[in-house]
file data.cif (mmCIF, C-alpha atoms)
data_final
loop_
_atom_site.label_atom_id
_atom_site.label_comp_id
_atom_site.auth_asym_id
_atom_site.auth_seq_id
_atom_site.Cartn_x
_atom_site.Cartn_y
_atom_site.Cartn_z
CA MET H 1 116.09 87.16 78.07
CA ASN H 2 116.18 86.75 74.29
CA SER H 3 113.38 89.27 73.84
CA VAL H 4 115.53 91.90 75.55
CA THR H 5 118.76 90.92 73.79
CA ARG H 6 117.06 91.34 70.40
CA GLN H 7 116.21 94.99 71.13
CA ASN H 8 118.13 97.86 69.56
CA GLY H 9 119.69 100.60 71.63
CA GLU H 10 121.72 100.80 74.82
CA ILE H 11 120.26 98.45 77.46
CA GLU H 12 121.29 97.41 80.94
CA HIS H 13 119.44 94.19 81.83
CA TRP H 14 119.45 93.17 85.50
CA ILE H 15 118.18 89.66 86.15
CA VAL H 16 117.32 88.66 89.72
CA ASP H 17 117.66 85.02 90.71
CA ASP H 18 115.35 84.99 93.70
CA GLY H 19 116.70 81.98 95.56
CA SER H 20 116.06 79.42 92.81
CA THR H 21 116.95 75.77 93.44
CA ASP H 22 116.46 74.32 89.96
CA GLY H 23 119.59 75.39 88.10
CA THR H 24 118.19 78.75 86.97
CA LEU H 25 121.23 80.65 88.23
CA GLN H 26 123.59 78.55 86.10
CA VAL H 27 121.45 79.17 83.01
CA ILE H 28 121.53 82.92 83.64
CA GLN H 29 125.28 82.92 84.26
CA GLU H 30 125.95 81.05 81.02
CA TYR H 31 123.71 83.47 79.11
CA ALA H 32 125.37 86.49 80.75
CA SER H 33 128.80 85.26 79.70
CA LEU H 34 127.69 85.70 76.08
CA HIS H 35 125.94 89.07 76.49
CA SER H 36 127.68 92.00 78.19
CA HIS H 37 124.44 93.90 78.88
CA ILE H 38 123.27 91.16 81.27
CA LYS H 39 123.90 91.74 84.99
CA ILE H 40 122.91 89.32 87.76
CA VAL H 41 121.61 89.74 91.31
CA HIS H 42 121.39 86.55 93.37
CA HIS H 43 119.31 86.04 96.51
CA ASP H 44 120.30 83.11 98.71
CA THR H 45 116.64 82.62 99.67
CA ASN H 46 113.36 83.39 97.95
CA LYS H 47 112.27 86.87 99.06
CA GLY H 48 109.43 87.62 96.65
CA VAL H 49 108.76 89.94 93.75
CA ASN H 50 109.02 93.20 95.69
CA ALA H 51 112.43 92.34 97.13
CA ALA H 52 113.67 91.20 93.73
CA ARG H 53 112.64 94.48 92.15
CA ASN H 54 114.16 96.53 94.94
CA SER H 55 117.49 94.74 94.57
CA ALA H 56 117.65 95.42 90.84
CA ILE H 57 116.42 99.02 91.14
CA GLN H 58 119.28 99.91 93.47
CA LYS H 59 121.81 98.50 90.98
CA CYS H 60 120.47 100.25 87.87
CA ASN H 61 122.31 103.12 86.22
CA GLY H 62 119.97 104.07 83.38
CA LYS H 63 117.57 107.01 83.50
CA TYR H 64 114.45 104.83 83.11
CA ILE H 65 113.53 101.38 84.41
CA LEU H 66 110.94 98.83 83.35
CA PHE H 67 110.04 95.47 84.91
CA LEU H 68 109.66 92.15 83.13
CA ASP H 69 108.42 89.13 85.07
CA SER H 70 109.50 85.61 84.12
CA ASP H 71 106.42 85.16 81.91
CA ASP H 72 106.89 88.48 80.03
CA GLU H 73 108.50 89.07 76.64
CA LEU H 74 109.22 92.38 74.96
CA LYS H 75 107.76 92.82 71.50
CA GLU H 76 110.08 93.58 68.59
CA ALA H 77 111.38 97.19 68.67
CA ALA H 78 109.71 97.83 72.05
CA ILE H 79 112.72 99.71 73.44
CA GLN H 80 112.88 101.84 70.30
CA LYS H 81 109.22 102.80 70.79
CA ILE H 82 109.86 103.65 74.43
CA ASP H 83 112.84 105.84 73.47
CA GLU H 84 110.80 107.62 70.81
CA THR H 85 107.99 108.26 73.30
CA ILE H 86 110.33 109.74 75.90
CA VAL H 87 111.94 112.01 73.29
CA ALA H 88 108.52 113.16 72.06
CA TYR H 89 107.09 113.62 75.58
CA PRO H 90 110.11 114.30 77.83
CA HIS H 91 108.36 115.90 80.80
CA PHE H 92 107.01 112.76 82.47
CA LEU H 93 108.52 110.57 85.18
CA HIS H 94 106.24 107.64 84.42
CA TYR H 95 105.01 106.12 81.13
CA LEU H 96 102.55 103.26 80.61
CA PHE H 97 102.20 100.96 77.58
CA LEU H 98 99.85 98.08 76.83
CA ILE H 99 100.51 94.39 77.37
CA ASP H 100 98.75 91.99 75.01
CA ARG H 101 96.49 90.54 77.72
CA GLU H 102 95.02 93.97 78.49
CA ALA H 103 94.76 94.87 74.81
CA LYS H 104 92.17 92.11 74.39
CA LYS H 105 89.84 94.07 76.65
CA ASP H 106 87.76 96.91 75.31
CA LEU H 107 89.63 100.13 76.00
CA PRO H 108 87.48 103.17 76.78
CA PRO H 109 87.49 105.76 73.98
CA HIS H 110 89.73 108.21 75.85
CA LEU H 111 92.51 105.59 75.97
CA LEU H 112 92.66 105.01 72.22
CA GLN H 113 95.26 107.77 71.88
CA PRO H 114 98.13 109.08 74.03
CA THR H 115 96.50 110.16 77.27
CA VAL H 116 97.65 111.90 80.43
CA ILE H 117 96.53 109.97 83.51
CA THR H 118 96.39 111.58 86.94
CA TYR H 119 96.81 110.27 90.46
CA GLN H 120 93.12 111.02 91.04
CA ASP H 121 92.19 108.82 88.05
CA TRP H 122 93.77 105.83 89.81
CA LEU H 123 92.01 106.60 93.09
CA LEU H 124 88.66 106.88 91.31
CA GLU H 125 89.45 103.68 89.37
CA LYS H 126 88.93 105.43 86.05
CA ILE H 127 91.84 103.32 84.89
CA SER H 128 92.92 99.88 86.09
CA GLY H 129 94.67 96.75 84.87
CA ASP H 130 98.19 95.61 84.06
CA PHE H 131 100.57 97.75 82.04
CA LEU H 132 104.20 97.97 81.09
CA HIS H 133 105.50 100.69 83.41
CA VAL H 134 108.52 102.74 82.35
CA MET H 135 109.63 104.85 85.30
CA ASN H 136 112.31 107.35 86.22
CA ARG H 137 115.11 105.58 88.10
CA GLU H 138 115.60 108.22 90.79
CA MET H 139 111.88 108.27 91.55
CA LEU H 140 111.83 104.47 91.89
CA GLN H 141 114.86 104.43 94.14
CA ASN H 142 113.13 106.84 96.52
CA PHE H 143 110.04 104.60 96.85
CA PRO H 144 111.08 100.97 97.42
CA PHE H 145 108.40 98.30 97.26
CA ASN H 146 107.19 96.81 100.55
CA GLU H 147 109.07 93.53 100.95
CA GLN H 148 106.94 92.42 103.89
CA VAL H 149 104.04 91.64 101.55
CA ARG H 150 106.31 90.04 98.89
CA ILE H 151 104.04 91.07 96.00
CA TYR H 152 100.99 93.45 96.13
CA GLU H 153 102.87 96.08 94.15
CA ILE H 154 99.83 98.40 94.10
CA VAL H 155 101.00 99.90 97.40
CA GLY H 156 104.25 101.02 95.79
CA PHE H 157 102.60 102.12 92.57
CA LEU H 158 100.12 104.35 94.44
CA GLN H 159 103.07 106.12 96.03
CA LEU H 160 104.65 106.55 92.60
CA TYR H 161 101.41 107.87 91.11
CA GLN H 162 101.10 110.26 94.04
CA TYR H 163 104.66 111.53 93.58
CA SER H 164 104.61 111.93 89.81
CA GLN H 165 100.97 113.18 89.82
CA LYS H 166 100.69 112.66 86.04
CA GLN H 167 101.62 109.68 83.86
CA LEU H 168 101.52 109.29 80.09
CA PHE H 169 99.65 106.32 78.64
CA ILE H 170 100.52 105.14 75.12
CA PRO H 171 98.07 102.62 73.56
CA GLU H 172 100.69 100.41 71.94
CA ILE H 173 101.34 96.76 72.81
CA LEU H 174 104.97 96.31 73.85
CA VAL H 175 104.81 93.14 75.97
CA HIS H 176 103.56 89.61 75.43
CA ILE H 177 102.61 87.57 78.51
CA GLU H 178 102.67 83.80 78.46
CA GLN H 179 99.28 82.68 79.76
CA ASN H 180 98.42 79.99 82.34
CA ARG H 181 101.95 79.34 83.60
CA LYS H 182 101.99 77.42 86.86
CA ASP H 183 104.83 79.62 88.19
CA SER H 184 103.11 82.91 87.31
CA VAL H 185 103.61 85.47 90.07
CA SER H 186 99.94 86.45 89.79
CA LEU H 187 99.04 83.15 91.47
CA GLN H 188 100.42 84.58 94.71
CA TYR H 189 97.42 86.91 94.84
CA LYS H 190 95.05 83.99 95.39
CA LEU H 191 93.81 83.83 98.99
CA THR H 192 94.37 80.10 99.35
CA THR H 193 96.56 80.24 102.47
CA LYS H 194 96.55 82.16 105.73
CA LYS H 195 99.88 83.74 104.74
CA ALA H 196 98.34 85.12 101.55
CA ILE H 197 95.40 86.53 103.52
CA CYS H 198 97.78 88.13 106.00
CA ARG H 199 99.92 89.72 103.28
CA GLU H 200 96.95 91.21 101.49
CA SER H 201 95.53 92.60 104.73
CA ILE H 202 98.89 94.28 105.45
CA ALA H 203 98.97 95.74 101.94
CA LEU H 204 95.41 97.08 102.21
CA LYS H 205 96.12 98.59 105.62
CA GLU H 206 99.14 100.41 104.20
CA ILE H 207 97.03 101.79 101.34
CA ILE H 208 94.48 103.08 103.86
CA HIS H 209 97.10 104.78 106.03
CA LEU H 210 99.01 106.26 103.10
CA CYS H 211 96.13 107.34 100.88
CA TYR H 212 92.91 107.65 102.88
CA THR H 213 92.96 111.46 102.84
CA ASP H 214 93.74 111.49 99.11
CA TYR H 215 90.80 109.18 98.38
CA VAL H 216 88.46 111.47 100.33
CA LYS H 217 89.77 114.63 98.62
CA ALA H 218 89.31 112.97 95.22
CA GLY H 219 85.73 112.05 96.08
CA ALA H 220 86.59 108.34 95.89
CA ILE H 221 84.52 107.44 98.95
CA LYS H 222 83.05 104.28 97.42
CA GLU H 223 86.51 103.06 96.39
CA ILE H 224 88.22 103.60 99.76
CA SER H 225 85.20 102.15 101.61
CA ARG H 226 85.53 98.95 99.58
CA ILE H 227 89.24 98.75 100.45
CA ILE H 228 88.52 99.30 104.15
CA LYS H 229 85.80 96.65 104.17
CA LYS H 230 88.06 94.09 102.55
CA TYR H 231 90.95 94.92 104.87
CA LYS H 232 88.82 94.44 107.99
CA MET H 233 87.44 91.10 106.81
CA LEU H 234 90.91 89.78 105.94
CA ALA H 235 92.45 91.09 109.16
CA LEU H 236 89.72 89.40 111.19
CA ALA H 237 90.47 86.20 109.28
CA THR H 238 94.05 86.38 110.59
CA GLU H 239 92.58 86.71 114.09
CA ASP H 240 93.60 90.34 114.36
CA TYR H 241 90.76 91.56 116.54
CA THR H 242 92.25 95.03 116.93
CA CYS H 243 91.65 95.92 113.28
CA LEU H 244 88.27 97.57 113.85
CA LYS H 245 89.96 100.06 116.19
CA ASP H 246 93.24 100.38 114.25
CA VAL H 247 91.31 101.56 111.20
CA PRO H 248 88.45 103.57 112.73
CA TYR H 249 86.88 104.54 109.40
CA PRO H 250 83.60 102.94 108.28
CA PRO H 251 82.23 100.57 107.21
CA VAL H 252 81.83 98.07 110.04
CA THR H 253 79.27 95.44 109.07
CA ASN H 254 77.22 93.20 111.34
CA ILE H 255 79.24 90.18 110.18
CA MET H 256 82.44 91.94 111.25
CA LYS H 257 80.94 92.70 114.67
CA ILE H 258 79.88 89.06 115.14
CA VAL H 259 83.27 87.65 114.04
CA ASN H 260 85.06 90.11 116.29
CA LYS H 261 82.88 89.56 119.36
CA ALA H 262 82.74 85.76 119.07
CA ARG H 263 86.40 85.47 117.99
CA LEU H 264 85.48 83.55 114.83
CA GLY H 265 88.54 84.58 112.84
CA LYS H 266 89.78 81.03 112.28
CA ILE H 267 86.41 79.98 110.83
CA LEU H 268 86.35 83.08 108.62
CA CYS H 269 89.87 82.26 107.43
CA LEU H 270 88.91 78.70 106.47
CA THR H 271 85.81 80.03 104.68
CA ILE H 272 87.88 82.50 102.62
CA ILE H 273 90.46 79.84 101.74
CA GLY H 274 87.77 77.35 100.76
CA TYR H 275 85.96 79.89 98.61
CA SER H 276 89.22 80.97 96.91
CA LYS H 277 90.16 77.37 96.10
CA LEU H 278 86.69 76.63 94.73
CA LYS H 279 86.83 79.82 92.69
CA SER H 280 90.18 78.78 91.20
CA LEU H 281 88.94 75.27 90.52
CA LEU H 282 85.88 76.57 88.66
CA ARG H 283 87.94 79.43 87.12
CA ILE H 284 85.29 81.95 88.03
#
call {"tool": "encode", "arguments": {"input": "data.cif", "output": "structure tokens"}}
result
Amino acid sequence: MNSVTRQNGEIEHWIVDDGSTDGTLQVIQEYASLHSHIKIVHHDTNKGVNAARNSAIQKCNGKYILFLDSDDELKEAAIQKIDETIVAYPHFLHYLFLIDREAKKDLPPHLLQPTVITYQDWLLEKISGDFLHVMNREMLQNFPFNEQVRIYEIVGFLQLYQYSQKQLFIPEILVHIEQNRKDSVSLQYKLTTKKAICRESIALKEIIHLCYTDYVKAGAIKEISRIIKKYKMLALATEDYTCLKDVPYPPVTNIMKIVNKARLGKILCLTIIGYSKLKSLLRI
């Protein structure tokens, strides 16, 4: 909250208390009483990241919106840099900036300067990773995130990339992320429970139904095939034995056929969970 309050310029800061039970709401309320730009949305129960974002998006009044998770901090003068970028390049609905974790990776040469990214680039995985997204409010309000899967924001972002067609990437670090927090939302991606497996399978199925044709048109056959393969394995692990027919596209591997025919979904589920826990333990 302090990292936002220290910024210059006109800011509307919506904070979502997503059903906390540890006194977080009181802390936010006390902070908001001292800072008029702070607005609060409270959920009686924990609904997940996607629901939290949707709630705040519908309340916002500004022309552009950015998300900060609980482990994110804006760098000094970040809002000023965003404003300057929008003034210099006003014809985009969606801007991307670096976060410090991604900046530690080697950026390809074409991303060392302001670069226009296309929807097809995302499908072909020419660009990937975490970014600070600055997006047009009206566009965001037309494409709410899927609350059924709680997180897995990639489904929503693919729709936004598809709608805007082109995004502007600026290679400047505007966000610091606190590493290795036990409450980091990224931990929800780990497939260590059947619920997590189910949510990811739902998210992947939605990507397939929404974007399969676009992947094929872009020539991203390898990329969509990998998504389909993962979806079918995870769906089988939730004992959804209709998945091979629901998504008729290849591939269908011999392992999938065996699991499906012998109804071995529960064993596959336990195997995935065990592997994910071991992977986390060894930090592979």
call {"tool": "resolve_selection", "arguments": {"input": "data.cif", "expression": "the PyMOL selection byres ((chain H and resi 167) around 10)", "output": "list in words"}}
result
His91, Phe92, Leu93, His94, Tyr95, Leu96, Thr115, Val116, Ile117, Thr118, Tyr119, His133, Val134, Met135, Leu160, Tyr161, Ser164, Gln165, Lys166, Leu168, Phe169 and Ile170 of chain H
call {"tool": "closest_residue", "arguments": {"input": "data.cif", "among": "H:Glu138, H:Asp130, H:Glu84, H:Asp71", "to": "Glu178 of chain H", "atoms": "only C-alpha atoms"}}
result
H:Asp71
call {"tool": "resolve_selection", "arguments": {"input": "data.cif", "expression": "the PyMOL selection byres ((chain H and resi 62) around 9)", "output": "VMD selection string"}}
result
chain H and resid 11 to 12 60 to 61 63 to 65 136 to 137
call {"tool": "atom_distance", "arguments": {"input": "data.cif", "atom1": "atom CA of Asn146 of chain H", "atom2": "atom CA of Asn50 of chain H"}}
result
6.3 Å
call {"tool": "closest_residue", "arguments": {"input": "data.cif", "among": "H:Leu74, H:Ile15, H:Cys211, H:Ile57", "to": "Asn2 of chain H", "atoms": "all atoms listed in the file"}}
result
H:Leu74
call {"tool": "residues_around", "arguments": {"input": "data.cif", "residues": "Glu153 of chain H", "least_positions_apart": "2", "cutoff": "12 Å", "atoms": "only C-alpha atoms", "output": "MDAnalysis selection string"}}
result
chainID H and resid 48:54 67 130 133 143:151 155:160 185:186 188:189 199:200 203:204 206:207
call {"tool": "closest_residue", "arguments": {"input": "data.cif", "among": "H:Ile38, H:Val175, H:Leu111, H:Val4", "to": "Lys75 of chain H", "atoms": "only C-alpha atoms"}}
result
H:Val175
call {"tool": "atom_distance", "arguments": {"input": "data.cif", "atom1": "atom CA of Leu112 of chain H", "atom2": "atom CA of Leu124 of chain H"}}
result
19.6 Å
